[in-house]
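Participant: Provided herewith: target.tsv, TSV, C-alpha atoms.
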```tsv
chain	number	residue	atom	x	y	z
H	1	MET	CA	-18.22	-150.82	69.08
H	2	ILE	CA	-16.49	-153.75	70.75
H	3	PHE	CA	-15.27	-156.55	68.51
H	4	VAL	CA	-14.90	-160.08	69.90
H	5	THR	CA	-13.02	-162.81	68.09
H	6	VAL	CA	-12.47	-166.40	69.18
H	7	GLY	CA	-10.36	-167.34	66.16
H	8	THR	CA	-11.35	-169.72	63.40
H	9	GLN	CA	-10.50	-173.14	64.78
H	10	LEU	CA	-12.50	-173.67	67.98
H	11	PRO	CA	-15.60	-172.17	69.56
H	12	PHE	CA	-15.09	-170.44	72.91
H	13	PRO	CA	-18.44	-170.44	74.78
H	14	ARG	CA	-16.95	-169.20	78.09
H	15	LEU	CA	-15.71	-166.01	76.46
H	16	LEU	CA	-18.88	-165.49	74.43
H	17	SER	CA	-21.15	-166.08	77.45
H	18	ALA	CA	-19.13	-163.59	79.49
H	19	MET	CA	-19.32	-161.05	76.66
H	20	ASN	CA	-23.04	-161.62	76.28
H	21	ASP	CA	-23.47	-160.78	79.98
H	22	CYS	CA	-21.24	-157.69	79.65
H	23	ALA	CA	-23.03	-156.47	76.54
H	24	THR	CA	-26.22	-155.90	78.50
H	25	GLU	CA	-24.32	-153.46	80.76
H	26	LEU	CA	-22.59	-151.54	77.97
H	27	ASP	CA	-23.89	-148.65	75.94
H	28	GLU	CA	-22.37	-149.79	72.63
H	29	PRO	CA	-22.80	-152.64	70.19
H	30	VAL	CA	-20.76	-155.82	70.55
H	31	VAL	CA	-19.95	-157.70	67.35
H	32	ALA	CA	-18.61	-161.24	67.72
H	33	GLN	CA	-16.88	-163.65	65.37
H	34	THR	CA	-17.99	-166.86	67.11
H	35	CYS	CA	-16.51	-169.72	65.00
H	36	SER	CA	-19.94	-171.36	64.97
H	37	ASP	CA	-23.48	-170.50	64.04
H	38	ASP	CA	-24.75	-171.08	67.57
H	39	GLY	CA	-27.13	-168.17	68.20
H	40	ARG	CA	-27.43	-168.42	71.97
H	41	TRP	CA	-25.77	-165.05	72.64
H	42	SER	CA	-28.68	-162.71	72.10
H	43	ALA	CA	-26.90	-159.53	73.23
H	44	LEU	CA	-24.16	-159.98	70.61
H	45	ASP	CA	-24.21	-159.35	66.87
H	46	CYS	CA	-22.87	-162.83	66.03
H	47	HIS	CA	-21.05	-163.98	62.91
H	48	GLY	CA	-19.81	-167.58	62.62
H	49	LEU	CA	-16.78	-166.95	60.45
H	50	LEU	CA	-15.91	-163.64	58.83
H	51	GLN	CA	-14.29	-163.13	55.47
H	52	PRO	CA	-10.92	-161.33	55.78
H	53	ASP	CA	-12.27	-157.97	54.58
H	54	ALA	CA	-15.16	-158.04	57.07
H	55	PHE	CA	-12.81	-159.14	59.87
H	56	ALA	CA	-10.46	-156.24	59.05
H	57	ARG	CA	-13.35	-153.77	58.95
H	58	TYR	CA	-14.70	-154.78	62.38
H	59	PHE	CA	-11.24	-154.97	63.91
H	60	SER	CA	-10.16	-151.57	62.61
H	61	GLN	CA	-13.40	-149.85	63.65
H	62	ALA	CA	-13.57	-151.30	67.17
H	63	ARG	CA	-13.00	-149.22	70.28
H	64	ILE	CA	-11.70	-152.35	72.06
H	65	VAL	CA	-11.05	-155.87	70.81
H	66	VAL	CA	-11.66	-158.90	73.03
H	67	ALA	CA	-10.10	-162.18	71.95
H	68	HIS	CA	-8.77	-165.57	72.87
H	69	ALA	CA	-5.01	-165.47	73.38
H	70	GLY	CA	-4.17	-166.25	69.77
H	71	ILE	CA	-1.16	-164.59	68.21
H	72	GLY	CA	-3.18	-163.52	65.15
H	73	SER	CA	-5.37	-161.35	67.38
H	74	VAL	CA	-2.30	-159.81	69.01
H	75	LEU	CA	-0.72	-159.00	65.65
H	76	SER	CA	-3.99	-157.50	64.37
H	77	ALA	CA	-4.37	-155.35	67.49
H	78	ARG	CA	-0.85	-154.04	66.99
H	79	ARG	CA	-1.49	-153.45	63.29
H	80	TRP	CA	-4.57	-151.33	63.97
H	81	ASN	CA	-3.36	-149.96	67.32
H	82	LYS	CA	-6.40	-151.27	69.22
H	83	PRO	CA	-6.68	-151.94	72.94
H	84	LEU	CA	-6.78	-155.72	73.29
H	85	VAL	CA	-8.32	-157.75	76.09
H	86	LEU	CA	-7.23	-161.37	76.02
H	87	MET	CA	-9.04	-164.21	77.74
H	88	PRO	CA	-6.88	-167.31	77.30
H	89	ARG	CA	-8.47	-170.68	76.69
H	90	ARG	CA	-7.78	-173.16	79.47
H	91	HIS	CA	-6.91	-176.81	79.12
H	92	ASP	CA	-8.45	-177.72	82.49
H	93	LEU	CA	-11.82	-176.48	81.20
H	94	GLY	CA	-11.53	-178.47	77.97
H	95	GLU	CA	-11.10	-175.33	75.87
H	96	HIS	CA	-7.85	-176.39	74.18
H	97	ARG	CA	-5.34	-179.24	73.84
H	98	ASN	CA	-2.87	-177.61	76.26
H	99	ASP	CA	-2.24	-174.33	78.08
H	100	HIS	CA	-0.23	-172.53	75.41
H	101	GLN	CA	-2.72	-169.65	75.51
H	102	LEU	CA	-2.08	-169.18	79.24
H	103	ALA	CA	1.63	-169.09	78.44
H	104	THR	CA	1.03	-166.52	75.70
H	105	ALA	CA	-1.02	-164.36	78.08
H	106	ARG	CA	1.70	-164.53	80.75
H	107	ARG	CA	4.32	-163.50	78.19
H	108	LEU	CA	2.24	-160.58	76.90
H	109	GLU	CA	1.03	-159.33	80.27
H	110	GLY	CA	2.25	-155.80	80.84
H	111	SER	CA	2.75	-155.11	77.12
H	112	PRO	CA	1.35	-151.72	76.10
H	113	GLY	CA	-2.31	-151.98	75.14
H	114	ILE	CA	-2.71	-155.65	76.06
H	115	HIS	CA	-4.86	-156.58	79.05
H	116	ILE	CA	-5.51	-160.04	80.43
H	117	ALA	CA	-8.93	-161.22	81.64
H	118	ARG	CA	-8.32	-164.44	83.52
H	119	GLU	CA	-11.92	-164.72	84.64
H	120	ALA	CA	-15.22	-163.55	83.19
H	121	SER	CA	-15.54	-160.96	85.96
H	122	ASP	CA	-12.35	-159.25	84.72
H	123	LEU	CA	-13.98	-158.45	81.38
H	124	SER	CA	-16.62	-156.09	82.71
H	125	VAL	CA	-14.07	-154.05	84.63
H	126	LEU	CA	-11.72	-153.74	81.66
H	127	LEU	CA	-14.45	-152.91	79.13
H	128	LYS	CA	-15.77	-150.04	81.24
H	129	ARG	CA	-12.38	-148.33	81.40
H	130	ASP	CA	-11.93	-145.29	79.18
H	131	ASP	CA	-8.15	-145.06	79.50
H	132	LEU	CA	-7.07	-148.13	77.54
H	133	VAL	CA	-4.43	-147.39	74.91
H	134	GLY	CA	-3.88	-149.24	71.67
H	135	ALA	CA	-1.62	-152.26	71.47
H	136	MET	CA	1.81	-151.56	70.08
H	137	GLU	CA	4.91	-153.58	69.48
H	138	VAL	CA	7.66	-152.94	71.97
H	139	ILE	CA	11.04	-152.88	70.31
H	140	ASP	CA	13.36	-155.23	72.15
H	141	PRO	CA	16.91	-153.77	72.07
H	142	GLN	CA	18.46	-157.26	71.96
H	143	ARG	CA	16.29	-158.20	69.00
H	144	GLU	CA	17.20	-155.00	67.20
H	145	ALA	CA	20.91	-155.57	67.87
H	146	LEU	CA	20.65	-159.10	66.46
H	147	LEU	CA	18.85	-157.86	63.35
H	148	THR	CA	21.51	-155.18	62.83
H	149	ARG	CA	24.30	-157.75	63.13
H	150	LEU	CA	22.52	-160.04	60.66
H	151	ARG	CA	22.01	-157.22	58.17
H	152	ASP	CA	25.66	-156.20	58.48
H	153	PHE	CA	26.76	-159.81	57.96
H	154	ILE	CA	24.58	-160.20	54.86
H	155	ASP	CA	25.74	-156.87	53.44
H	156	ASP	CA	29.42	-157.86	53.82
```
Would it be possible to restate this file's structure as structure tokens?

Facilitator:
Amino acid sequence: MIFVTVGTQLPFPRLLSAMNDCATELDEPVVAQTCSDDGRWSALDCHGLLQPDAFARYFSQARIVVAHAGIGSVLSARRWNKPLVLMPRRHDLGEHRNDHQLATARRLEGSPGIHIAREASDLSVLLKRDDLVGAMEVIDPQREALLTRLRDFIDD
């Protein structure tokens, strides 16, 4: 199963339309948390907003998760070690107030288990791959050194 989430604040029709098109080519169900009750995506099992337990169940059972470039989706993918495909919302398309999601995607690009779909056509290619690994947090040595120094300072 593929789980799609667009977050809870704004609908994301470009992502959902692209996933609806992809779903017809895939041999597995696609469940989507759509942020609205708009039922125009007939190839998706759509849910407007999911309660936290249902969200966790779909996320943890998914083979791949597809999401907007929200940090909550990234943290959840790392928590459940799921391959994550991010399609950032774009300001120039009226999908968000600014391009912070593009900035997030640029920052995360190349992180283990996180893949960026800049265009709808990128989704199909990524979803058909069978070699995607789960997202995991990369330990930054500088961050760890800072945390160690802070712990030492507090302990003294």

Participant: Would you list the contacts of Leu84 in chain H as a PyMOL selection string, taking every protein, DNA or RNA residue within 6 Å and counting only C-alpha atoms, but skipping same-chain residues closer than 3 positions in sequence?

Facilitator: chain H and resi 65-66+114

Participant: Tell me which of H:Met136, H:Ala62, H:Ala120, H:Ala56 sits closest to Asn81 in chain H, counting all atoms listed in the file.

Facilitator: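 So, comparing all the options, the nearest one is H:Met136.
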
Participant: Closest to Leu132 in chain H among H:Leu108, H:Val85, H:Leu147, H:Cys46, using all atoms listed in the file?

Facilitator: H:Val85

Participant: Name all residues at most 9 Å from Ala23 in chain H (count all atoms listed in the file; drop same-chain ones fewer than 6 positions away) and give them as a list in words.

Facilitator: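 Contacts, with the query itself left out: Pro29, Val30, Ala43, Leu44 and Ser124 of chain H.
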
Participant: Tell me, as a ChimeraX atom specification, which residues lie within 7 Å of Arg90 in chain H, counting only C-alpha atoms; anything in the same chain fewer than 5 positions away does not count.

Facilitator: /H:95-96,99,102

Participant: Residues as selected, C-alpha atoms, written as a PDB file, keeping the file's coordinate frame, can you do that?

Facilitator:
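Ended up saving to result_7.pdb:
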```pdb
ATOM      1  CA  GLU H  95     -11.100-175.330  75.870  1.00  0.00           C
ATOM      2  CA  HIS H  96      -7.850-176.390  74.180  1.00  0.00           C
ATOM      3  CA  ASP H  99      -2.240-174.330  78.080  1.00  0.00           C
ATOM      4  CA  LEU H 102      -2.080-169.180  79.240  1.00  0.00           C
TER       5      LEU H 102
END
```
